[in-house]
$ cat coords38.csv   # CSV, C-alpha atoms
chain,number,residue,atom,x,y,z
A,1040,MET,CA,-33.0,-16.8,51.9
A,1041,LEU,CA,-31.0,-14.2,53.8
A,1042,SER,CA,-32.3,-12.5,56.9
A,1043,ILE,CA,-31.9,-8.9,57.7
A,1044,PRO,CA,-29.1,-9.4,60.2
A,1045,GLU,CA,-27.2,-11.5,57.6
A,1046,VAL,CA,-27.7,-8.9,54.9
A,1047,LEU,CA,-26.4,-6.2,57.3
A,1048,LEU,CA,-23.4,-8.3,58.2
A,1049,ILE,CA,-22.4,-9.0,54.6
A,1050,GLY,CA,-22.9,-5.3,53.8
A,1051,ALA,CA,-20.7,-4.3,56.7
A,1052,PHE,CA,-17.8,-6.3,55.6
A,1053,ALA,CA,-18.3,-5.6,51.9
A,1054,VAL,CA,-18.3,-1.8,52.5
A,1055,SER,CA,-15.4,-1.9,55.0
A,1056,VAL,CA,-13.1,-3.6,52.5
A,1057,GLY,CA,-13.5,-0.6,50.2
A,1058,VAL,CA,-12.6,1.9,52.9
A,1059,PRO,CA,-8.9,2.7,52.8
A,1060,ASP,CA,-8.8,4.3,56.3
A,1061,TYR,CA,-8.6,1.6,59.0
A,1062,GLU,CA,-10.2,3.8,61.7
A,1063,ARG,CA,-13.2,4.6,59.5
A,1064,ALA,CA,-13.6,1.0,58.3
A,1065,HIS,CA,-13.4,-0.2,62.0
A,1066,LEU,CA,-16.0,2.3,63.0
A,1067,LEU,CA,-18.2,1.3,60.1
A,1068,VAL,CA,-18.0,-2.4,61.0
A,1069,GLU,CA,-18.9,-1.6,64.6
A,1070,ARG,CA,-21.9,0.4,63.5
A,1071,PHE,CA,-23.1,-2.4,61.3
A,1072,LEU,CA,-22.6,-4.9,64.1
A,1073,SER,CA,-24.7,-2.6,66.3
A,1074,LEU,CA,-27.4,-2.7,63.7
A,1075,VAL,CA,-27.3,-6.5,63.5
A,1076,VAL,CA,-27.6,-6.7,67.3
A,1077,LEU,CA,-30.5,-4.2,67.2
A,1078,GLY,CA,-32.3,-6.2,64.5
A,1079,ASN,CA,-31.7,-9.4,66.5
A,1080,MET,CA,-33.1,-7.8,69.6
A,1081,ALA,CA,-36.1,-6.6,67.7
A,1082,GLY,CA,-36.7,-10.2,66.5
A,1083,LEU,CA,-36.3,-11.5,70.0
A,1084,LEU,CA,-38.6,-8.8,71.4
A,1085,LEU,CA,-41.4,-9.7,68.9
A,1086,LEU,CA,-41.0,-13.4,69.7
A,1087,VAL,CA,-41.2,-12.7,73.5
A,1088,ILE,CA,-44.2,-10.5,73.1
A,1089,ALA,CA,-45.9,-13.2,71.1
A,1090,LEU,CA,-45.1,-15.7,73.9
A,1091,VAL,CA,-46.3,-13.4,76.7
A,1092,ARG,CA,-49.6,-12.4,74.9
A,1093,GLU,CA,-50.3,-16.1,74.2
A,1094,THR,CA,-50.5,-15.3,70.5
A,1095,SER,CA,-47.9,-17.9,70.0
A,1096,GLY,CA,-50.7,-20.5,69.9
A,1097,ASP,CA,-50.6,-20.2,66.2
A,1098,LEU,CA,-46.9,-21.2,66.2
A,1099,THR,CA,-45.9,-24.8,66.5
A,1100,GLY,CA,-43.3,-26.0,68.9
A,1101,ALA,CA,-40.9,-26.6,66.0
A,1102,GLN,CA,-41.4,-23.0,64.7
A,1103,LEU,CA,-40.7,-21.6,68.2
A,1104,LEU,CA,-37.6,-23.8,68.6
A,1105,MET,CA,-36.4,-22.8,65.1
A,1106,SER,CA,-37.0,-19.1,65.8
A,1107,GLY,CA,-35.1,-19.3,69.0
A,1108,ALA,CA,-32.3,-21.2,67.4
A,1109,VAL,CA,-31.9,-18.6,64.6
A,1110,ILE,CA,-31.9,-15.7,67.1
A,1111,TRP,CA,-29.4,-17.5,69.4
A,1112,SER,CA,-27.2,-18.4,66.5
A,1113,VAL,CA,-27.1,-14.9,65.1
A,1114,ASN,CA,-26.4,-13.7,68.7
A,1115,VAL,CA,-23.3,-16.0,68.9
A,1116,ILE,CA,-22.0,-15.1,65.4
A,1117,VAL,CA,-22.4,-11.3,65.8
A,1118,PHE,CA,-21.0,-11.2,69.3
A,1119,GLY,CA,-18.1,-13.4,68.3
A,1120,LEU,CA,-17.3,-11.0,65.4
A,1121,TRP,CA,-17.8,-8.0,67.7
A,1122,PHE,CA,-15.4,-9.5,70.4
A,1123,TRP,CA,-12.9,-10.1,67.6
A,1124,THR,CA,-13.3,-6.6,66.3
A,1125,LEU,CA,-13.1,-5.0,69.8
A,1126,ASP,CA,-10.1,-6.7,71.3
A,1127,ALA,CA,-7.0,-4.6,71.3
A,1128,GLY,CA,-8.3,-2.3,68.5
A,1129,GLY,CA,-9.3,-5.0,66.1
A,1130,PRO,CA,-7.6,-7.7,64.0
A,1131,ILE,CA,-5.5,-5.4,61.9
A,1132,ARG,CA,-4.2,-3.4,64.9
A,1133,ARG,CA,-3.4,-6.7,66.7
A,1134,ALA,CA,-1.5,-8.0,63.7
A,1135,SER,CA,0.6,-4.9,63.5
A,1136,ALA,CA,1.1,-3.9,67.1
A,1137,GLY,CA,0.2,-7.0,69.2
A,1138,ARG,CA,-2.3,-7.2,72.0
A,1139,ARG,CA,-0.8,-4.6,74.3
A,1140,THR,CA,-4.1,-3.3,75.6
A,1141,ALA,CA,-6.3,-6.4,75.4
A,1142,ASP,CA,-10.0,-6.2,76.1
A,1143,PHE,CA,-10.1,-10.0,76.9
A,1144,GLN,CA,-7.8,-12.2,78.9
A,1145,PHE,CA,-7.6,-15.7,77.5
A,1146,PRO,CA,-6.1,-18.5,79.7
A,1147,GLN,CA,-3.0,-18.5,77.4
A,1148,ASP,CA,-2.5,-14.8,78.3
A,1149,GLY,CA,-2.2,-15.5,82.0
A,1150,ASN,CA,-0.2,-18.7,81.8
A,1151,ALA,CA,2.5,-19.0,79.1
A,1152,GLU,CA,2.7,-22.8,79.8
A,1153,LEU,CA,-0.8,-23.2,78.4
A,1154,ALA,CA,0.0,-21.5,75.1
A,1155,ARG,CA,1.5,-23.2,72.2
A,1156,GLU,CA,4.4,-21.4,70.6
A,1157,GLY,CA,3.2,-18.5,68.5
A,1158,TRP,CA,-0.3,-18.6,70.0
A,1159,TYR,CA,-2.6,-15.6,69.6
A,1160,PRO,CA,-6.4,-15.4,69.7
A,1161,ARG,CA,-8.1,-15.9,66.3
A,1162,LEU,CA,-11.7,-15.5,65.2
A,1163,GLU,CA,-12.5,-19.0,66.4
A,1164,ASP,CA,-11.3,-18.1,69.9
A,1165,TYR,CA,-13.7,-15.1,70.0
A,1166,VAL,CA,-16.6,-17.2,68.7
A,1167,TYR,CA,-15.8,-19.8,71.4
A,1168,VAL,CA,-16.1,-17.0,74.0
A,1169,ALA,CA,-19.4,-15.9,72.4
A,1170,VAL,CA,-20.7,-19.5,72.5
A,1171,THR,CA,-19.7,-20.1,76.2
A,1172,ASN,CA,-21.1,-16.7,77.2
A,1173,ALA,CA,-24.4,-17.5,75.4
A,1174,ILE,CA,-24.7,-20.9,77.1
A,1175,ALA,CA,-23.4,-20.1,80.6
A,1176,PHE,CA,-24.8,-16.5,80.6
A,1177,SER,CA,-21.5,-15.4,82.0
A,1178,PRO,CA,-17.8,-15.5,81.2
A,1179,THR,CA,-16.2,-18.9,81.5
A,1180,ASP,CA,-12.4,-19.1,81.0
A,1181,THR,CA,-11.9,-15.8,79.1
A,1182,MET,CA,-12.4,-12.7,81.2
A,1183,PRO,CA,-13.5,-9.3,79.9
A,1184,LEU,CA,-11.1,-6.6,81.0
A,1185,THR,CA,-12.6,-3.4,79.8
A,1186,ARG,CA,-16.0,-1.8,80.3
A,1187,ALA,CA,-16.8,-2.2,76.6
A,1188,ALA,CA,-16.0,-5.9,76.7
A,1189,LYS,CA,-18.1,-6.4,79.9
A,1190,SER,CA,-21.0,-4.4,78.4
A,1191,LEU,CA,-21.0,-6.5,75.2
A,1192,MET,CA,-20.8,-9.7,77.2
A,1193,ALA,CA,-23.6,-8.6,79.5
A,1194,LEU,CA,-25.8,-7.7,76.5
A,1195,GLN,CA,-25.2,-11.0,74.9
A,1196,SER,CA,-25.9,-12.9,78.1
A,1197,GLY,CA,-29.2,-11.0,78.6
A,1198,MET,CA,-30.3,-11.8,75.0
A,1199,SER,CA,-29.3,-15.5,75.5
A,1200,VAL,CA,-31.3,-15.7,78.7
A,1201,ALA,CA,-34.4,-14.5,77.1
A,1202,THR,CA,-33.9,-16.7,74.0
A,1203,VAL,CA,-33.0,-19.9,75.8
A,1204,LEU,CA,-35.2,-19.7,78.9
A,1205,LEU,CA,-38.4,-18.0,77.6
A,1206,VAL,CA,-38.5,-19.4,74.1
A,1207,GLY,CA,-37.2,-22.8,75.0
A,1208,ALA,CA,-39.6,-23.2,77.9
A,1209,ARG,CA,-42.6,-22.2,75.8
A,1210,ALA,CA,-41.5,-24.4,72.9
A,1211,VAL,CA,-41.2,-27.4,75.2
A,1212,SER,CA,-44.7,-26.6,76.6
A,1213,VAL,CA,-46.2,-26.5,73.1
A,1214,LEU,CA,-44.4,-29.7,72.1
A,1215,GLY,CA,-45.6,-31.4,75.2
A,1216,SER,CA,-49.3,-30.6,74.6

$ encode --input "coords38.csv" --output "structure tokens"
Amino acid sequence: MLSIPEVLLIGAFAVSVGVPDYERAHLLVERFLSLVVLGNMAGLLLLVIALVRETSGDLTGAQLLMSGAVIWSVNVIVFGLWFWTLDAGGPIRRASAGRRTADFQFPQDGNAELAREGWYPRLEDYVYVAVTNAIAFSPTDTMPLTRAAKSLMALQSGMSVATVLLVGARAVSVLGS
């Protein structure tokens, strides 16, 4: 069964394919990604409220861990897509004009010896950035260069902190009792 964030994400890309104007399609995808993040934040907020109010006693440790895992996974996926959509104007603009005004600096950007011939960041690279940001709560090897990239990374880190630390700690507490 699909969750609300997944439905919004599928809808965003389905609708954007039918929009001939790249700028409008890009804006539409960013708005849908914003909705997915807001939906994920709402789910996280409800879970944190349940934990703080001690109403989570009705939830098993496994349910808490699963809820946290789903929120964290959606967080990684949506921010990986958002980083990919943001950097240098998006994938279509990067493919046609290159990454002249990059929002992220990958290690290969700063040291040509690290990059294989023809290297350029792909979706997997942006998802990797999202995973490391969600685990370390900070940039690791890829640096955000613009305010938009820094803001998105800070938002993702904040959501990950709440998910991993609060939900994880409570779930371990419930599992231990």

$ closest_residue --input "coords38.csv" --among "A:Val1166, A:Ala1154, A:Val1115, A:Leu1125" --to "Thr1185 of chain A" --atoms "all atoms listed in the file"
A:Leu1125

$ atom_distance --input "coords38.csv" --atom1 "atom CA of Ala1193 of chain A" --atom2 "atom CA of Val1087 of chain A"
19.0 Å

$ atom_distance --input "coords38.csv" --atom1 "atom CA of Val1117 of chain A" --atom2 "atom CA of Thr1181 of chain A"
17.5 Å

$ closest_residue --input "coords38.csv" --among "A:Ala1169, A:Leu1067, A:Met1198, A:Val1091" --to "Asn1079 of chain A" --atoms "all atoms listed in the file"
A:Met1198

$ atom_distance --input "coords38.csv" --atom1 "atom CA of Glu1062 of chain A" --atom2 "atom CA of Trp1158 of chain A"
25.9 Å

$ residues_near_point --input "coords38.csv" --point "(-12.6, -15.2, 66.8)" --cutoff "8 Å" --atoms "all atoms listed in the file" --output "JSON, numbers by chain"
{"A": [1119, 1120, 1122, 1123, 1160, 1161, 1162, 1163, 1164, 1165, 1166, 1167]}

$ residues_around --input "coords38.csv" --residues "Leu1084 of chain A" --least-positions-apart "2" --cutoff "12 Å" --atoms "all atoms listed in the file" --output "PyMOL selection string"
chain A and resi 1076-1082+1086-1091+1106-1107+1110+1198+1201-1202+1205-1206
